[in-house]
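Below is one structure; the comments refer to it alone.
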Amino acid sequence: LIGRKIVGVEVRLPKMFEGDKDKIIGQKIKDVRRRAKIIVLELGNGFNIVVHLKMTGQLVFGTDSAETISFSQGIPFAGFSLPAKTTHVIFKLDPPSDKPSEGQAKLFFNDMRQFGWIKIIDNEQLAMINEKHGPEPFDSTQGKPSDFTQEYLAKICGNWGRQIKLLLIEQSKIAVIGNIY
């Protein structure tokens, strides 16, 4: 996705998309990363596409300019071609400027249960999301050690006083661990 320009956005189910899609059309994707349970697509203009998949959401990338893209392996809850009944947002992408031979592509957001969401937010709003989540247990980005240490875990456990499961899924204490784990 990095280096591709968003040339169109088709919102098929408006309740799952929040924000002004005009702020992202024409923008290149600079970076793709995860923070807690949120996928962040950083754009070149100070805006971000944030995606929460919830329980059955999925992002599926396909390279074909055709209206429908077929896949040799089935997509769970969608079948062998997209868009499907469970496809709620489609991002249309140009090839990266340094690799025009890669052709046009689409990023499909599917969600059978319709719990997931996509939001267009600026960098300030993204910083607020980052602040409300605790440290990530496996984060060692940019060569720095994680803030999730043995001492940190002992501190939050010592003050908790409830079931350990509730602590493990409390995103403000420990980011990324979900109920499924």
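How things are named: the first chain in the structure tokens is A, the next is B, and so on; residues count from 1 in each chain; ligands count from 1 in the order shown.
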
- [ ] Enumerate as an MDAnalysis selection string all residues of chain A assigned to strand (DSSP E or B) by DSSP on the backbone, naming them with the chain letters and numbers the document uses.
- [x] chainID A and resid 5:11 17:18 28:35 38:43 47:52 57:62 69:75 79:82 87:93 105:111 117:122

Task: Non-local contacts of A:Gly46 (12 Å; only C-alpha atoms; under 6 positions in same chain excluded) as a list in words - done: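 Counting only C-alpha atoms, the residues come to Lys23, Ile24, Gln27, Lys28, Ile29, Lys30, Asp31, Ile120, Ile121, Asp122, Asn123, Glu124, Gln125, Leu126 and Ala127 of chain A.
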
Open item on the list: Which residue is closest to A:Val32? Choose from A:Phe17, A:Val60, A:Phe77, A:Leu1 and count only C-alpha atoms.
Closed with: A:Leu1

Task: Exercise: A:Gln114 partners within 10 Å, only C-alpha atoms, chain neighbours under 3 positions left out, as a PyMOL selection string - done: chain A and resi 13+15-16+53-57+86-88+110-111+117

If you keep all heavy atoms, can you produce a file of those selected residues as a short mmCIF file (atom, residue, chain, number, x, y, z; two decimals), in the first residue's frame?
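The resulting file, out.cif, is shown below:
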```
data_model
loop_
_atom_site.label_atom_id
_atom_site.label_comp_id
_atom_site.auth_asym_id
_atom_site.auth_seq_id
_atom_site.Cartn_x
_atom_site.Cartn_y
_atom_site.Cartn_z
N LEU A 13 -21.74 1.37 2.91
CA LEU A 13 -22.52 1.36 4.15
C LEU A 13 -22.05 2.53 5.01
O LEU A 13 -21.05 2.41 5.74
CB LEU A 13 -22.34 0.02 4.88
CG LEU A 13 -23.25 -0.23 6.08
CD1 LEU A 13 -24.72 -0.22 5.67
CD2 LEU A 13 -22.91 -1.55 6.74
N LYS A 15 -22.72 3.94 7.79
CA LYS A 15 -22.53 3.87 9.25
C LYS A 15 -21.14 3.35 9.63
O LYS A 15 -20.72 3.51 10.76
CB LYS A 15 -23.62 3.00 9.90
CG LYS A 15 -23.43 1.51 9.71
CD LYS A 15 -24.45 0.71 10.49
CE LYS A 15 -24.11 -0.76 10.50
NZ LYS A 15 -24.96 -1.53 11.38
N MET A 16 -20.43 2.77 8.67
CA MET A 16 -19.12 2.20 8.96
C MET A 16 -17.98 3.12 8.56
O MET A 16 -16.81 2.76 8.71
CB MET A 16 -18.97 0.84 8.29
CG MET A 16 -20.04 -0.13 8.76
SD MET A 16 -19.83 -1.77 8.11
CE MET A 16 -18.58 -2.36 9.22
N LEU A 53 -11.07 -3.47 12.96
CA LEU A 53 -11.70 -4.63 12.34
C LEU A 53 -12.75 -5.28 13.23
O LEU A 53 -13.58 -6.05 12.73
CB LEU A 53 -10.64 -5.65 11.94
CG LEU A 53 -9.60 -5.16 10.94
CD1 LEU A 53 -8.53 -6.24 10.72
CD2 LEU A 53 -10.23 -4.77 9.63
N LYS A 54 -12.69 -5.02 14.52
CA LYS A 54 -13.57 -5.67 15.50
C LYS A 54 -13.47 -7.18 15.33
O LYS A 54 -12.38 -7.71 15.26
CB LYS A 54 -15.00 -5.14 15.39
CG LYS A 54 -15.13 -3.67 15.71
CD LYS A 54 -14.96 -3.40 17.17
CE LYS A 54 -15.14 -1.91 17.45
NZ LYS A 54 -15.27 -1.60 18.82
N MET A 55 -14.60 -7.89 15.25
CA MET A 55 -14.54 -9.35 15.28
C MET A 55 -14.41 -10.01 13.90
O MET A 55 -13.67 -10.97 13.74
CB MET A 55 -15.78 -9.90 15.99
CG MET A 55 -15.83 -9.50 17.46
SD MET A 55 -17.33 -10.02 18.27
CE MET A 55 -17.14 -11.77 18.27
N THR A 56 -15.13 -9.51 12.91
CA THR A 56 -15.13 -10.19 11.61
C THR A 56 -14.68 -9.29 10.47
O THR A 56 -14.81 -9.66 9.31
CB THR A 56 -16.54 -10.74 11.28
OG1 THR A 56 -17.48 -9.65 11.28
CG2 THR A 56 -16.97 -11.79 12.27
N GLY A 57 -14.11 -8.13 10.78
CA GLY A 57 -13.66 -7.23 9.73
C GLY A 57 -12.39 -7.73 9.07
O GLY A 57 -11.62 -8.50 9.65
N THR A 86 -20.61 -8.52 1.88
CA THR A 86 -19.99 -8.05 3.12
C THR A 86 -18.99 -6.91 2.91
O THR A 86 -18.36 -6.46 3.85
CB THR A 86 -19.26 -9.22 3.81
OG1 THR A 86 -18.28 -9.74 2.91
CG2 THR A 86 -20.23 -10.31 4.24
N THR A 87 -18.82 -6.44 1.67
CA THR A 87 -17.91 -5.33 1.37
C THR A 87 -18.63 -4.02 1.62
O THR A 87 -19.67 -3.76 1.03
CB THR A 87 -17.42 -5.39 -0.09
OG1 THR A 87 -16.80 -6.66 -0.33
CG2 THR A 87 -16.44 -4.27 -0.38
N HIS A 88 -18.06 -3.18 2.50
CA HIS A 88 -18.74 -1.94 2.88
C HIS A 88 -18.01 -0.68 2.46
O HIS A 88 -18.61 0.38 2.35
CB HIS A 88 -18.98 -1.94 4.39
CG HIS A 88 -19.72 -3.16 4.84
ND1 HIS A 88 -20.96 -3.51 4.34
CD2 HIS A 88 -19.39 -4.15 5.70
CE1 HIS A 88 -21.37 -4.64 4.90
NE2 HIS A 88 -20.42 -5.05 5.73
N ASN A 110 -14.23 -5.41 4.36
CA ASN A 110 -15.36 -6.32 4.53
C ASN A 110 -15.63 -6.51 6.01
O ASN A 110 -14.69 -6.54 6.81
CB ASN A 110 -15.04 -7.70 3.93
CG ASN A 110 -14.70 -7.65 2.47
OD1 ASN A 110 -15.23 -6.85 1.72
ND2 ASN A 110 -13.78 -8.51 2.05
N ASP A 111 -16.89 -6.68 6.34
CA ASP A 111 -17.22 -7.00 7.73
C ASP A 111 -18.61 -7.62 7.77
O ASP A 111 -19.62 -6.93 7.62
CB ASP A 111 -17.17 -5.75 8.61
CG ASP A 111 -17.26 -6.06 10.09
OD1 ASP A 111 -17.45 -7.24 10.45
OD2 ASP A 111 -17.16 -5.13 10.89
N TRP A 117 -15.10 -0.37 11.83
CA TRP A 117 -15.30 0.99 11.36
C TRP A 117 -14.03 1.55 10.74
O TRP A 117 -12.94 1.05 10.97
CB TRP A 117 -15.79 1.92 12.47
CG TRP A 117 -15.06 1.85 13.78
CD1 TRP A 117 -15.48 1.21 14.91
CD2 TRP A 117 -13.79 2.44 14.12
NE1 TRP A 117 -14.56 1.36 15.92
CE2 TRP A 117 -13.51 2.13 15.46
CE3 TRP A 117 -12.85 3.21 13.42
CZ2 TRP A 117 -12.36 2.54 16.12
CZ3 TRP A 117 -11.70 3.63 14.06
CH2 TRP A 117 -11.48 3.30 15.40
#
```

Open item on the list: With distances taken over only C-alpha atoms, which residue among A:Lys106, A:Arg113, A:Arg33, A:Lys173 lies nearest A:Phe148?
Closed with: A:Lys173

Task: Which residue of A:Met112, A:Leu167, A:Leu82, A:Leu93 approaches A:Leu153 most closely, using only C-alpha atoms - done: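 Checking each candidate against A:Leu153, we get A:Leu167 as the closest.
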
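Straight-line separation from atom CA of A:Gly74 to atom CA of A:Val7: 26.7 Å.
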
Open item on the list: Let me make sure I understand: among A:Gln58, A:Gln171, A:Thr68, A:Gln163, which one has the smallest atom-to-atom distance to A:Phe108 if we use only C-alpha atoms?
Closed with: A:Gln58

Open item on the list: As an exercise, work out the distance from atom CA of A:Glu10 to atom CA of A:Gly26 in Å and give it to one decimal place.
Closed with: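 Separating atom CA of A:Glu10 from atom CA of A:Gly26 is a distance of 14.1 Å.
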
What are the closest atom pairs, with distances in Å to one decimal, for each residue of stretch 34-58 of chain A lying within 12 Å of stretch 129-140 of chain A, using only C-alpha atoms, rows by chain and rising residue number, as a Markdown table?
```
| residue | atom | partner | partner_atom | distance |
| --- | --- | --- | --- | --- |
| A:Arg34 | CA | A:Glu136 | CA | 10.5 |
| A:Arg35 | CA | A:Asn130 | CA | 7.1 |
| A:Ala36 | CA | A:His133 | CA | 7.0 |
| A:Lys37 | CA | A:His133 | CA | 9.8 |
| A:Ile38 | CA | A:Ile129 | CA | 9.4 |
| A:Ile39 | CA | A:Ile129 | CA | 11.8 |
| A:Val40 | CA | A:Ile129 | CA | 10.9 |
| A:Asn48 | CA | A:Ile129 | CA | 11.9 |
| A:Val50 | CA | A:Ile129 | CA | 10.2 |
```

TODO: Could you give me, as a PyMOL selection string, each residue of chain A that DSSP assigns to helix (DSSP H, G or I) when run on this structure's backbone?
DONE: chain A and resi 14-16+21-23+100-102+123-131+141-143+150-158+164-168
